[in-house]
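Let me begin by presenting the structure, written as structure tokens, before commenting on it.
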Number of protein chains: 2
Amino acid sequence: MEIAKPKGFEYAVVKAGIKYPLRYDMALIYSKKPAHAAGVFTTNRIKAAPVKLCMKRIKTGIAQAIIANSGNANACTGKKGFQDALEITNKVGELLGINKELVLPLSTGVIGMPMPMEKILPAINELVKNLGKTEPIQVAEAIMTTDTFPKIVAKQIEAENTVITMLGLCKGAGMICPNMATMLAVLLTDAWIDTTLLQEALRLAVSESFNSITVDGDMSTNDTVLIFANGASGAPKIDRKSKLWKSFRNLLNEICLELAQMIVKDGEGATKFITINVEGAKNSSDAKRVAKTVANSSLVKTAFYGEDPNWGRIIAAVGYSGVPLQEEKIDIYINGICLFEKGLPTMKEDELKDSLKQKEIDVLINLNLGKSRARVYTSDLTEEYVKINSAYRT
Amino acid sequence: MEIAKPKGFEYAVVKAGIKYPLRYDMALIYSKKPAHAAGVFTTNRIKAAPVKLCMKRIKTGIAQAIIANSGNANACTGKKGFQDALEITNKVGELLGINKELVLPLSTGVIGMPMPMEKILPAINELVKNLGKTEPIQVAEAIMTTDTFPKIVAKQIEAENTVITMLGLCKGAGMICPNMATMLAVLLTDAWIDTTLLQEALRLAVSESFNSITVDGDMSTNDTVLIFANGASGAPKIDRKSKLWKSFRNLLNEICLELAQMIVKDGEGATKFITINVEGAKNSSDAKRVAKTVANSSLVKTAFYGEDPNWGRIIAAVGYSGVPLQEEKIDIYINGICLFEKGLPTMKEDELKDSLKQKEIDVLINLNLGKSRARVYTSDLTEEYVKINSAYRT
């Protein structure tokens with residue numbers, strides 16, 4: 001499948017042998033001109049070295065290259081880990097002939113192991129040499145850990161006789177929770193837009209996408225979403241007053257949402273894609289809290305795996321979310337069938353038997369207390385999840 | 001096994017056929033004299049009818065009988081459910097010839113189904129007729145749901161030439177979380193103690209036991225812990241100044257802790273009993289929050305199932321607990337081996353290989369920020385858990 005590519009970016013991948021010898025495990029993304037850049041990072045109080053370095057460097061609002069690796073998260077590696085991240089980005093900057101401060105590192109994989117610098121540093125030579133010979137999908141492959149497929153999407157919008165392209169790629173699977181656990185995402189666009197607007201658009205898009213998904217409620221030390229906008233499309237500058245501002249945000253929202261949904265669909269051992277809608281909440285934080293609590297309930301997730309229309313586990317999770325509610329006002333729908341109405345069961349479970357066999361499940365909880373709503377995406381909890389996570393050494 | 005029994009209590013069980021025809025599913029506990037009584041209840045905002053009725057009646061501080069059933073939780077059953085709970089306790093009071101306000105109901109089982117009153121009401125006749133013909137262990141059996149064994153313990157203390165006996169029984173398994181999910185516990189003692197002191201002792205004991213365990217992080221609509229003290233031992237009254245006050249609290253703490261540990265050991269599909277100790281926290285709420293977050297992490301729980309000394313998942317959970325911390329101060333021990341010291345891995349995983357095969361796992365997290373500590377008990381997460389919970393209709 002040929003995917004649209006934003007202008008002015010080049011890619012390279014290499015088999016550095018960080019954890020496994022036979023797969024791509026390092027990638028380089030390079031913008032020919034410095035790009036406006038923004039980022040959103042894990043809220044985990046334990047942050048990996050590359051996250052700390054990214055957060056520091058992104059403050060300038062300008063970046064030009066991303067050096068990514070899988071197999072080692074460079075987390076809980078102390079001062080040495082931070083030095084390693086610096087050395088990696090320094091070398092990339094040197095070989096590319098750009099300011100090293102414009103190079104951002106991304107890492108995912110095992111926690112607490114020193115970075116195998118003897119493998120990584122030589123691989124950087126190869127990456128820089130190979131620049132431009134690689135398709136973006138190979139970058140998505142190089143950052144996979146327990147992912148079962150690479151995650152990539154691109155879309156275009158028109159802008160006064162030119163085309164703006166945005167490409168998104170990410171890795172997820174396992175440890176995915178609202179607030180982006182063990183998740184790396186990169187968004188590349190040839191739009192021309194200031195850093196302030198870019199950061200604002202990214203924050204909103206992440207909130208409705210990567211921060212609205214959950215696989216197991218865990219949250220990692222490495223989660224990072226980066227966006228580069230290099231202006232290479234030749235399209236006019238996007239400012240807050242331009243029509244393009246709205247279509248750019250829509251473009252970004254759609255790409256982030258599609259990537260986030262791919263992560264849930266690839267949730268470890270997942271067989272179902274479950275959307276939890278909450279309506280009628282007093283405010284949006286209540287709505288999101290209820291949605292997340294239900295989405296994170298192991299009992300709800302195992303029930304859907306068992307194709308059991310178990311609204312009882314849903315109402316129990318609603319109840320312990322801590323959000324004020326009135327039992328006698330609550331309605332619960334699964335796949336459009338009302339199973340619980342004004343605090344009482346409708347006994348319509350039989351009408352659901354077939355539709356629960358589908359891969360996509362839609363839950364709607366109406367608190368009937370206000371007008372706020374939220375939507376969270378999750379997967380079921382399966383024996384396969386347990387098998388993967390008891391065998392896989394993070 | 002003969003178990004010590006507090007004086008002045010009688011028991012009965014019956015096969016009412018509420019959900020399954022061939023098992024005891026209703027129990028009656030009767031104190032020959034009205035007892036001082038106290039209770040601790042679920043914090044879930046959705047509360048089952050029997051919980052609401054118990055909470056109302058316990059306010060008097062006096063009670064004399066407990067009518068319990070499994071197979072139906074009488075939760076999410078609206079006004080009809082509350083009427084049913086009233087009718088059940090009314091009939092018990094009538095047949096026992098006591099004030100119906102002194103009868104407390106307990107229910108566990110399926111949510112949202114109407115109580116099968118046509119089976120329950122006749123069974124009450126039989127229960128009252130059978131009073132005194134049953135051992136307490138059969139009461140523990142009658143309240144089981146997915147439990148694989150009945151949970152009961154009794155202990156005695158001496159009090160000026162007399163003996164005070166306390167018996168505890170409970171049901172747990174599945175949906176067990178700090179704050180007592182789908183958990184019923186009854187404590188019976190022949191001590192003589194006022195309701196105020198009884199409530200105080202119970203609250204403390206529950207906090208360190210039933211509220212310090214977690215199986216899957218879910219919390220039910222029915223959780224209840226009740227204690228009856230009928231004074232039948234003939235021992236002197238326990239007041240705050242008496243030496244007995246301390247030994248009574250120890251007795252209650254020990255019994256609650258043993259019962260809570262039994263619940264974790266019987267966690268659905270559990271193969272490991274895991275103790276999470278947190279030390280060096282700034283305050284006890286920080287300590288408990290860290291301990292609970294780690295204990296509820298699906299990734300930590302699957303790692304222990306896989307006998308993987310994965311301190312990386314532990315430190316990630318510590319980080320997303322939201323408690324302020326300093327990475328470079330944190331130590332993590334598993335089974336006494338330090339795997340993470342002052343923010344850096346020690347690479348001693350190999351020393352743990354054998355000890356992780358044990359059934360009991362001990363985790364110690366020292367934040368090195370203060371003097372507060374907490375301890376939470378949990379189980380591993382296994383394929384069997386998923387199997388049970390995807391097949392069992394709560």
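By order in the structure tokens, chains are A, B, ...; within a chain, residues start at 1; ligands start at 1, following the order shown.
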> If we count only C-alpha atoms, what is near Lys171 (chain B) at a cut-off of 8 Å, once residues fewer than 4 positions away on the same chain are taken out, given as number ranges by chain?
Replying inline: B: 140, 143-145, 147, 150-151, 183-185, 263
Let me see the file: selected residues, C-alpha atoms, as a PDB file, in the first residue's frame.
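Final file, part-v9.pdb:
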ATOM      1  CA  ALA B 140     -19.529 -19.947  55.651  1.00  0.00           C
ATOM      2  CA  ILE B 143     -22.588 -17.600  51.540  1.00  0.00           C
ATOM      3  CA  MET B 144     -19.955 -18.775  49.027  1.00  0.00           C
ATOM      4  CA  THR B 145     -20.239 -17.702  45.370  1.00  0.00           C
ATOM      5  CA  ASP B 147     -15.146 -19.118  46.468  1.00  0.00           C
ATOM      6  CA  PRO B 150     -15.296 -21.715  53.115  1.00  0.00           C
ATOM      7  CA  LYS B 151     -13.478 -19.071  55.137  1.00  0.00           C
ATOM      8  CA  MET B 183     -17.188  -9.378  50.256  1.00  0.00           C
ATOM      9  CA  LEU B 184     -19.329 -10.378  53.181  1.00  0.00           C
ATOM     10  CA  ALA B 185     -17.833 -10.904  56.615  1.00  0.00           C
ATOM     11  CA  ILE B 263      -9.874 -14.150  50.427  1.00  0.00           C
TER      12      ILE B 263
END
>> Just want the 10 Å neighbourhood of region 334-344 of chain B, counted on only C-alpha atoms, with same-chain residues fewer than 4 positions away dropped. Output as a PyMOL selection string.
In response: (chain A and resi 46+75-79+112-113) or (chain B and resi 275-276+309-312+315+326-330+348-349+351-352+355-356+358+360-368)
> Mind listing as a PyMOL selection string which residues of chain A are within 7 Å of chain B, counting only C-alpha atoms?
Replying inline: chain A and resi 44-46+76-78+111-112+216+218-221+297-299+302-303+305-306+312+316-317+319-320+327+343-345+382-383+386-387+389-391
>> Could you pull out the strand (DSSP E or B) residues of region 12-130 of chain B, going by DSSP on the backbone, and write them as a ChimeraX atom specification?
In response: /B:12-14,26-41,62-69,72,103-108,110
>> Using only C-alpha atoms for the distances, tell me which of A:Leu102, A:Val278, A:Leu226, A:Ile213 is nearest to Tyr333 (chain A).
In response: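 The answer is A:Val278, which sits nearest to Tyr333 (chain A).
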>> At a cut-off of 9 Å, using only C-alpha atoms, what residues contact Arg249 (chain B)? Leave out same-chain residues fewer than 5 positions from it and give the result as a ChimeraX atom specification.
In response: /B:201-202,204-205,244,254
For those residues, write N, CA and C atoms to a file as a short mmCIF file (atom, residue, chain, number, x, y, z; two decimals), in the first residue's frame.
data_model
loop_
_atom_site.label_atom_id
_atom_site.label_comp_id
_atom_site.auth_asym_id
_atom_site.auth_seq_id
_atom_site.Cartn_x
_atom_site.Cartn_y
_atom_site.Cartn_z
N ALA B 201 -13.18 -0.22 66.96
CA ALA B 201 -12.28 -1.36 66.77
C ALA B 201 -12.49 -1.98 65.39
N LEU B 202 -13.75 -2.07 64.95
CA LEU B 202 -14.04 -2.68 63.65
C LEU B 202 -13.47 -1.84 62.52
N LEU B 204 -10.94 0.17 62.47
CA LEU B 204 -9.48 0.02 62.39
C LEU B 204 -9.09 -1.34 61.83
N ALA B 205 -9.76 -2.37 62.30
CA ALA B 205 -9.41 -3.73 61.86
C ALA B 205 -9.69 -3.90 60.37
N LEU B 244 -8.21 -5.23 78.71
CA LEU B 244 -8.90 -6.05 77.71
C LEU B 244 -9.10 -5.32 76.38
N GLU B 254 -6.47 -9.67 64.28
CA GLU B 254 -5.92 -10.95 63.79
C GLU B 254 -6.94 -11.73 62.99
#
> Do you know which residues are at most 12 Å from region 123-130 of chain B counting only C-alpha atoms, after dropping those on the same chain fewer than 4 positions away, and could you put them as a PyMOL selection string?
Replying inline: chain B and resi 10-18+24-30+65-69+87-97+116-119+134-135+139
Go ahead and save the residues from that selection, with C-alpha atoms, as a PDB file, in the first residue's frame.
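Dumped to selection.pdb:
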ATOM      1  CA  GLU B  10     -27.075 -20.316  67.090  1.00  0.00           C
ATOM      2  CA  TYR B  11     -26.836 -21.114  63.396  1.00  0.00           C
ATOM      3  CA  ALA B  12     -28.953 -22.611  60.640  1.00  0.00           C
ATOM      4  CA  VAL B  13     -28.550 -23.218  56.905  1.00  0.00           C
ATOM      5  CA  VAL B  14     -30.886 -24.358  54.171  1.00  0.00           C
ATOM      6  CA  LYS B  15     -30.936 -25.239  50.469  1.00  0.00           C
ATOM      7  CA  ALA B  16     -33.401 -22.684  49.134  1.00  0.00           C
ATOM      8  CA  GLY B  17     -32.485 -23.260  45.467  1.00  0.00           C
ATOM      9  CA  ILE B  18     -31.998 -19.548  44.724  1.00  0.00           C
ATOM     10  CA  TYR B  24     -26.743 -24.415  50.995  1.00  0.00           C
ATOM     11  CA  ASP B  25     -27.557 -20.882  49.919  1.00  0.00           C
ATOM     12  CA  MET B  26     -29.259 -19.318  52.928  1.00  0.00           C
ATOM     13  CA  ALA B  27     -28.054 -18.980  56.499  1.00  0.00           C
ATOM     14  CA  LEU B  28     -29.409 -17.610  59.749  1.00  0.00           C
ATOM     15  CA  ILE B  29     -27.276 -16.433  62.651  1.00  0.00           C
ATOM     16  CA  TYR B  30     -29.060 -15.755  65.906  1.00  0.00           C
ATOM     17  CA  ALA B  65     -30.022 -11.886  63.865  1.00  0.00           C
ATOM     18  CA  ILE B  66     -28.413 -12.029  60.439  1.00  0.00           C
ATOM     19  CA  ILE B  67     -30.231 -13.523  57.460  1.00  0.00           C
ATOM     20  CA  ALA B  68     -27.845 -14.185  54.581  1.00  0.00           C
ATOM     21  CA  ASN B  69     -28.180 -15.584  51.089  1.00  0.00           C
ATOM     22  CA  GLU B  87     -40.143  -8.619  53.948  1.00  0.00           C
ATOM     23  CA  ILE B  88     -37.359 -11.167  54.462  1.00  0.00           C
ATOM     24  CA  THR B  89     -36.179  -9.566  57.700  1.00  0.00           C
ATOM     25  CA  ASN B  90     -39.757  -9.061  58.874  1.00  0.00           C
ATOM     26  CA  LYS B  91     -40.491 -12.741  58.496  1.00  0.00           C
ATOM     27  CA  VAL B  92     -37.295 -13.687  60.328  1.00  0.00           C
ATOM     28  CA  GLY B  93     -38.166 -11.329  63.181  1.00  0.00           C
ATOM     29  CA  GLU B  94     -41.683 -12.660  63.379  1.00  0.00           C
ATOM     30  CA  LEU B  95     -40.718 -16.335  63.475  1.00  0.00           C
ATOM     31  CA  LEU B  96     -37.935 -15.690  65.994  1.00  0.00           C
ATOM     32  CA  GLY B  97     -40.302 -13.601  68.083  1.00  0.00           C
ATOM     33  CA  PRO B 116     -37.044 -15.296  44.158  1.00  0.00           C
ATOM     34  CA  MET B 117     -39.299 -14.639  47.145  1.00  0.00           C
ATOM     35  CA  GLU B 118     -41.324 -17.770  46.460  1.00  0.00           C
ATOM     36  CA  LYS B 119     -38.227 -19.794  47.331  1.00  0.00           C
ATOM     37  CA  THR B 134     -25.720 -26.304  62.310  1.00  0.00           C
ATOM     38  CA  GLU B 135     -22.000 -25.638  62.676  1.00  0.00           C
ATOM     39  CA  VAL B 139     -22.843 -20.796  57.337  1.00  0.00           C
TER      40      VAL B 139
END
>> Please identify the helix (DSSP H, G or I) residues within region 57-154 of chain B (assignment by DSSP from backbone atoms) and present them as JSON, numbers by chain.
In response: {"B": [57, 58, 59, 60, 78, 79, 80, 81, 82, 83, 84, 85, 86, 87, 88, 89, 90, 91, 92, 93, 94, 95, 96, 100, 101, 102, 117, 118, 119, 120, 121, 122, 123, 124, 125, 126, 127, 128, 129, 130, 136, 137, 138, 139, 140, 141, 142]}
>> When you count only C-alpha atoms, which of these residues is closest to Ile238 (chain B): B:Asp84, B:Glu279, B:Asp266, B:Asp194?
In response: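 With only C-alpha atoms as the atom set, the closest residue is B:Asp194.
Restricting the calculation to only C-alpha atoms, the smallest distance between Leu22 (chain B) and any of B:Ala142, B:Leu169, B:Ala85, B:Ala232 is found for B:Ala142.
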